[in-house]
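Participant: What follows is a single structure, and I will ask about it in a moment.
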Amino acid sequence: MQANNEIITTIGPNSLSPDIIKSLKAAGATSYRINLSHSSPSLLDDYFSIIADQYVKPSLDTQGAQLRVLGEPRSKFFDDSAVLRISSACSIKSGTADFLFSHPEFFQQVQPGDNLRVDSDGLVIKVIDVSPSDCSLTASAINKGIVLPNKAVDVIGRQIILDSLTQFDISSIQKYGSDIESLFLSFVNRLEDVQLARNLLAEAFPDAELPRIIAKIESRLGIANLEKILPYVDGILIDRGDLSREISISRIPIATDAIISLCRTSSVPCYVATNVLDSMILNRLPSRAEISDLYNLYSRGVSGIVLAAEVAIGKYPVECVHVVRHMHDLYRADKNCILALLPESGLLGELPESLANWL
């Protein structure tokens, strides 16, 4: 399986404009991803309107089976020993909660004594009391920390089974499923998660050409069931960030290699996301380590790269796409044994001057 160089860009506050989308396309972007974890029904309508006007087809990325902070917390900072009230949006106690969680079924499984980690380096709280019928709990802060909207939440040392699609996922798919290029399914843990999404699309749009389904592998269970999932999807996306919540960072390269190898064996496209060009969120130029990472990913056989925060909230979204396209072109020239025949400037012609001087 050869690298196809799909460049999947995530549309967000810093790229949601006609001019930026045109520039992304000109630089080499091939897909325009809307992350439902950072959206809302009204914002989603705006995204589709603006993107569709540029004659490109957007993609949706579901919230999936990840517990997250829903909406704005009552306070962004909680000190040691603070007592917190947490509920779901559908709880009768939601109006008095310090913050909300995205999956109401979580409250049927969490137990007193469980420790919850809000974001990877944020607040840690111990559950004191749970009211499953009210979808609410009381907890005490073990250490101080910051709570921000959309941040992921884990139960430390224990797995909680969550629905593979949230209600917002379902309503978004039912409304826009026939107008998207791809559906990225977050936190796919088993084949049934893929089948649920396919059935939802087929029922909502029985006569339409359905989008590609890309399964995001972000958990140990997803890796364990990968061979069962592969025949039923149009691609695999390795989210190195969320995967590192369950696998130590030092083992992420090993897991990435194993997943890419399985995809190649099954002739299923494989994409990689997270920390691809993080330095370019604030800086115009990529780091040496990022350039090496991109080349190595292409040499392993990935079919494309996913740019997330780099394009959604970064200062240089278009330059990021230029860098990814350049590194793919460089890899292909090297693989085809023509790199030595090209002048030093042979692959730099379409780059902005600052990038050409650096690369």
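Within each chain, counting starts at residue 1; across the structure tokens, chains are named A, B, ... in the order shown, with ligands numbered 1 upward in that order.
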Just asking: which residues within stretch 42-148 of chain A are helix (DSSP H, G or I) according to DSSP, as a PyMOL selection string?
Facilitator: chain A and resi 42-52+94-96+104-108+132-134
Participant: What's the 6 Å shell around A:Ser102, counting only C-alpha atoms, without same-chain residues fewer than 5 positions away, as a list of chain:residue names?
Facilitator: A:Leu67, A:Arg68, A:Leu70
Participant: What lies within 8 Å of stretch 233-240 of chain A using only C-alpha atoms, ignoring chain neighbours under 5 positions off, as JSON, numbers by chain?
Facilitator: {"A": [194, 212, 213, 214, 215, 216, 217, 218, 252, 256, 259, 263, 268, 269, 270, 271, 272, 273, 274]}
Participant: When distances are computed from only C-alpha atoms, which of A:Arg198, A:Arg284, A:Arg264, A:Lys335 shows the smallest separation from A:Ser303?
Facilitator: A:Arg264
Participant: With only C-alpha atoms as the basis for distance, which of A:Gly64, A:Arg33, A:Ser292, A:Val124 is at the shortest distance from A:Ala197?
Facilitator: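 Using only C-alpha atoms, the shortest distance to A:Ala197 belongs to A:Gly64.
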Participant: From the list A:Ile247, A:Leu262, A:Ala29, A:Leu43, which residue is nearest A:Val324 when using only C-alpha atoms?
Facilitator: A:Ala29
Participant: With 10 Å as the cut-off and only C-alpha atoms counted, what is the closest atom pair between each nearby residue of stretch 199-271 of chain A and stretch 143-164 of chain A? Distances in Å to one decimal, ordered by chain and number, as CSV.
Facilitator:
```
residue,atom,partner,partner_atom,distance
A:Asp242,CA,A:Ala152,CA,8.9
A:Arg245,CA,A:Asp154,CA,8.5
A:Glu246,CA,A:Asp154,CA,9.6
```
Participant: For atom CA of A:Lys175 and atom CA of A:Gln195, quote the distance in Å rounded to one decimal.
Facilitator: 18.7 Å
Participant: For A:Ser31, please output as a ChimeraX atom specification all residues within 9 Å (counting only C-alpha atoms; exclusion window: fewer than 4 positions along the same chain).
Facilitator: /A:6-10,25,56-59,181-182
Participant: Write out the residues from the selection above, keeping all heavy atoms, as a PDB file, in the first residue's frame.
Facilitator:
```pdb
ATOM      1  N   GLU A   6      -3.081  11.816   1.734  1.00  0.00           N
ATOM      2  CA  GLU A   6      -4.255  12.567   2.160  1.00  0.00           C
ATOM      3  C   GLU A   6      -3.825  13.490   3.300  1.00  0.00           C
ATOM      4  O   GLU A   6      -3.130  13.076   4.224  1.00  0.00           O
ATOM      5  CB  GLU A   6      -5.360  11.629   2.644  1.00  0.00           C
ATOM      6  CG  GLU A   6      -6.017  10.832   1.525  1.00  0.00           C
ATOM      7  CD  GLU A   6      -7.232  10.081   2.016  1.00  0.00           C
ATOM      8  OE1 GLU A   6      -8.132  10.720   2.604  1.00  0.00           O
ATOM      9  OE2 GLU A   6      -7.276   8.850   1.839  1.00  0.00           O
ATOM     10  N   ILE A   7      -4.219  14.732   3.227  1.00  0.00           N
ATOM     11  CA  ILE A   7      -3.937  15.699   4.284  1.00  0.00           C
ATOM     12  C   ILE A   7      -5.282  16.139   4.846  1.00  0.00           C
ATOM     13  O   ILE A   7      -5.991  16.934   4.227  1.00  0.00           O
ATOM     14  CB  ILE A   7      -3.117  16.891   3.769  1.00  0.00           C
ATOM     15  CG1 ILE A   7      -1.821  16.412   3.102  1.00  0.00           C
ATOM     16  CG2 ILE A   7      -2.794  17.836   4.921  1.00  0.00           C
ATOM     17  CD1 ILE A   7      -0.975  17.531   2.508  1.00  0.00           C
ATOM     18  N   ILE A   8      -5.617  15.586   5.998  1.00  0.00           N
ATOM     19  CA  ILE A   8      -6.914  15.812   6.615  1.00  0.00           C
ATOM     20  C   ILE A   8      -6.779  16.972   7.588  1.00  0.00           C
ATOM     21  O   ILE A   8      -6.042  16.892   8.581  1.00  0.00           O
ATOM     22  CB  ILE A   8      -7.395  14.538   7.334  1.00  0.00           C
ATOM     23  CG1 ILE A   8      -7.531  13.390   6.315  1.00  0.00           C
ATOM     24  CG2 ILE A   8      -8.723  14.787   8.055  1.00  0.00           C
ATOM     25  CD1 ILE A   8      -7.597  12.015   6.938  1.00  0.00           C
ATOM     26  N   THR A   9      -7.470  18.055   7.310  1.00  0.00           N
ATOM     27  CA  THR A   9      -7.353  19.262   8.123  1.00  0.00           C
ATOM     28  C   THR A   9      -8.596  19.422   8.998  1.00  0.00           C
ATOM     29  O   THR A   9      -9.711  19.123   8.570  1.00  0.00           O
ATOM     30  CB  THR A   9      -7.193  20.511   7.244  1.00  0.00           C
ATOM     31  OG1 THR A   9      -8.303  20.584   6.329  1.00  0.00           O
ATOM     32  CG2 THR A   9      -5.901  20.456   6.453  1.00  0.00           C
ATOM     33  N   THR A  10      -8.386  19.887  10.208  1.00  0.00           N
ATOM     34  CA  THR A  10      -9.479  20.079  11.162  1.00  0.00           C
ATOM     35  C   THR A  10      -9.874  21.545  11.172  1.00  0.00           C
ATOM     36  O   THR A  10      -9.071  22.410  11.513  1.00  0.00           O
ATOM     37  CB  THR A  10      -9.052  19.636  12.569  1.00  0.00           C
ATOM     38  OG1 THR A  10      -8.581  18.279  12.502  1.00  0.00           O
ATOM     39  CG2 THR A  10     -10.224  19.721  13.543  1.00  0.00           C
ATOM     40  N   LYS A  25      -6.900  24.386   0.606  1.00  0.00           N
ATOM     41  CA  LYS A  25      -7.084  23.547  -0.578  1.00  0.00           C
ATOM     42  C   LYS A  25      -5.951  23.734  -1.574  1.00  0.00           C
ATOM     43  O   LYS A  25      -5.410  22.755  -2.120  1.00  0.00           O
ATOM     44  CB  LYS A  25      -8.433  23.873  -1.225  1.00  0.00           C
ATOM     45  CG  LYS A  25      -8.811  22.966  -2.380  1.00  0.00           C
ATOM     46  CD  LYS A  25     -10.194  23.318  -2.905  1.00  0.00           C
ATOM     47  CE  LYS A  25     -10.597  22.407  -4.053  1.00  0.00           C
ATOM     48  NZ  LYS A  25     -11.950  22.752  -4.582  1.00  0.00           N
ATOM     49  N   VAL A  56     -16.221  22.241  -1.323  1.00  0.00           N
ATOM     50  CA  VAL A  56     -15.558  21.072  -0.760  1.00  0.00           C
ATOM     51  C   VAL A  56     -16.548  20.389   0.174  1.00  0.00           C
ATOM     52  O   VAL A  56     -17.472  21.005   0.704  1.00  0.00           O
ATOM     53  CB  VAL A  56     -14.261  21.437   0.010  1.00  0.00           C
ATOM     54  CG1 VAL A  56     -13.232  22.030  -0.920  1.00  0.00           C
ATOM     55  CG2 VAL A  56     -14.569  22.378   1.167  1.00  0.00           C
ATOM     56  N   LYS A  57     -16.359  19.082   0.361  1.00  0.00           N
ATOM     57  CA  LYS A  57     -17.265  18.291   1.179  1.00  0.00           C
ATOM     58  C   LYS A  57     -16.613  18.054   2.534  1.00  0.00           C
ATOM     59  O   LYS A  57     -15.541  17.445   2.615  1.00  0.00           O
ATOM     60  CB  LYS A  57     -17.556  16.957   0.482  1.00  0.00           C
ATOM     61  CG  LYS A  57     -18.938  16.406   0.709  1.00  0.00           C
ATOM     62  CD  LYS A  57     -19.187  15.201  -0.186  1.00  0.00           C
ATOM     63  CE  LYS A  57     -20.645  14.759  -0.075  1.00  0.00           C
ATOM     64  NZ  LYS A  57     -20.915  13.577  -0.930  1.00  0.00           N
ATOM     65  N   PRO A  58     -17.232  18.501   3.614  1.00  0.00           N
ATOM     66  CA  PRO A  58     -16.627  18.305   4.928  1.00  0.00           C
ATOM     67  C   PRO A  58     -16.780  16.866   5.419  1.00  0.00           C
ATOM     68  O   PRO A  58     -17.508  16.059   4.831  1.00  0.00           O
ATOM     69  CB  PRO A  58     -17.413  19.265   5.824  1.00  0.00           C
ATOM     70  CG  PRO A  58     -18.746  19.366   5.161  1.00  0.00           C
ATOM     71  CD  PRO A  58     -18.489  19.252   3.685  1.00  0.00           C
ATOM     72  N   SER A  59     -16.084  16.556   6.505  1.00  0.00           N
ATOM     73  CA  SER A  59     -16.222  15.276   7.188  1.00  0.00           C
ATOM     74  C   SER A  59     -16.602  15.538   8.639  1.00  0.00           C
ATOM     75  O   SER A  59     -16.322  16.614   9.177  1.00  0.00           O
ATOM     76  CB  SER A  59     -14.900  14.491   7.135  1.00  0.00           C
ATOM     77  OG  SER A  59     -14.537  14.192   5.803  1.00  0.00           O
ATOM     78  N   GLU A 181     -17.981  13.692   3.356  1.00  0.00           N
ATOM     79  CA  GLU A 181     -17.039  12.823   2.649  1.00  0.00           C
ATOM     80  C   GLU A 181     -16.711  11.591   3.480  1.00  0.00           C
ATOM     81  O   GLU A 181     -16.680  10.469   2.979  1.00  0.00           O
ATOM     82  CB  GLU A 181     -15.757  13.596   2.343  1.00  0.00           C
ATOM     83  CG  GLU A 181     -14.673  12.750   1.698  1.00  0.00           C
ATOM     84  CD  GLU A 181     -13.308  13.416   1.800  1.00  0.00           C
ATOM     85  OE1 GLU A 181     -12.796  13.560   2.922  1.00  0.00           O
ATOM     86  OE2 GLU A 181     -12.779  13.765   0.749  1.00  0.00           O
ATOM     87  N   SER A 182     -16.422  11.806   4.767  1.00  0.00           N
ATOM     88  CA  SER A 182     -16.023  10.715   5.656  1.00  0.00           C
ATOM     89  C   SER A 182     -16.657  10.902   7.025  1.00  0.00           C
ATOM     90  O   SER A 182     -16.920  12.033   7.454  1.00  0.00           O
ATOM     91  CB  SER A 182     -14.493  10.663   5.815  1.00  0.00           C
ATOM     92  OG  SER A 182     -13.845  10.523   4.574  1.00  0.00           O
TER      93      SER A 182
END
```
Participant: When you count only C-alpha atoms, which of these residues is closest to A:His322: A:Gln63, A:Ser354, A:Ser299, A:Ser267?
Facilitator: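 Result for the nearest residue to A:His322: A:Ser354.
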Participant: Residues at most 8 Å from A:Tyr295, counting only C-alpha atoms, excluding those fewer than 5 positions away in the same chain, as a ChimeraX atom specification?
Facilitator: /A:327-328,331
Participant: Please provide as a PyMOL selection string all residues within 8 Å of A:Leu84, with the sequence filter that same-chain residues fewer than 2 positions apart are discarded (counting only C-alpha atoms).
Facilitator: chain A and resi 82+86+97-98+138-141
Participant: What does the distance from atom CA of A:Leu221 to atom CA of A:Asp193 come to in Å, to one decimal?
Facilitator: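 Going from atom CA of A:Leu221 over to atom CA of A:Asp193, I get 12.0 Å.
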Participant: In terms of the shortest atom-to-atom distance over only C-alpha atoms, which of A:Tyr55, A:Cys135, A:Ile313, A:Asn115 is closest to A:Ser88?
Facilitator: A:Cys135
Participant: Which of these, A:Glu290, A:Asp278, A:Asp45, A:Glu227, has the shortest distance to A:Ser261 once you count only C-alpha atoms?
Facilitator: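 Using only C-alpha atoms, the shortest distance to A:Ser261 belongs to A:Glu227.
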Participant: Just how far from atom CA of A:Glu192 is atom CA of A:Asp61, in Å to one decimal?
Facilitator: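 Separation of atom CA of A:Asp61 and atom CA of A:Glu192: 17.7 Å.
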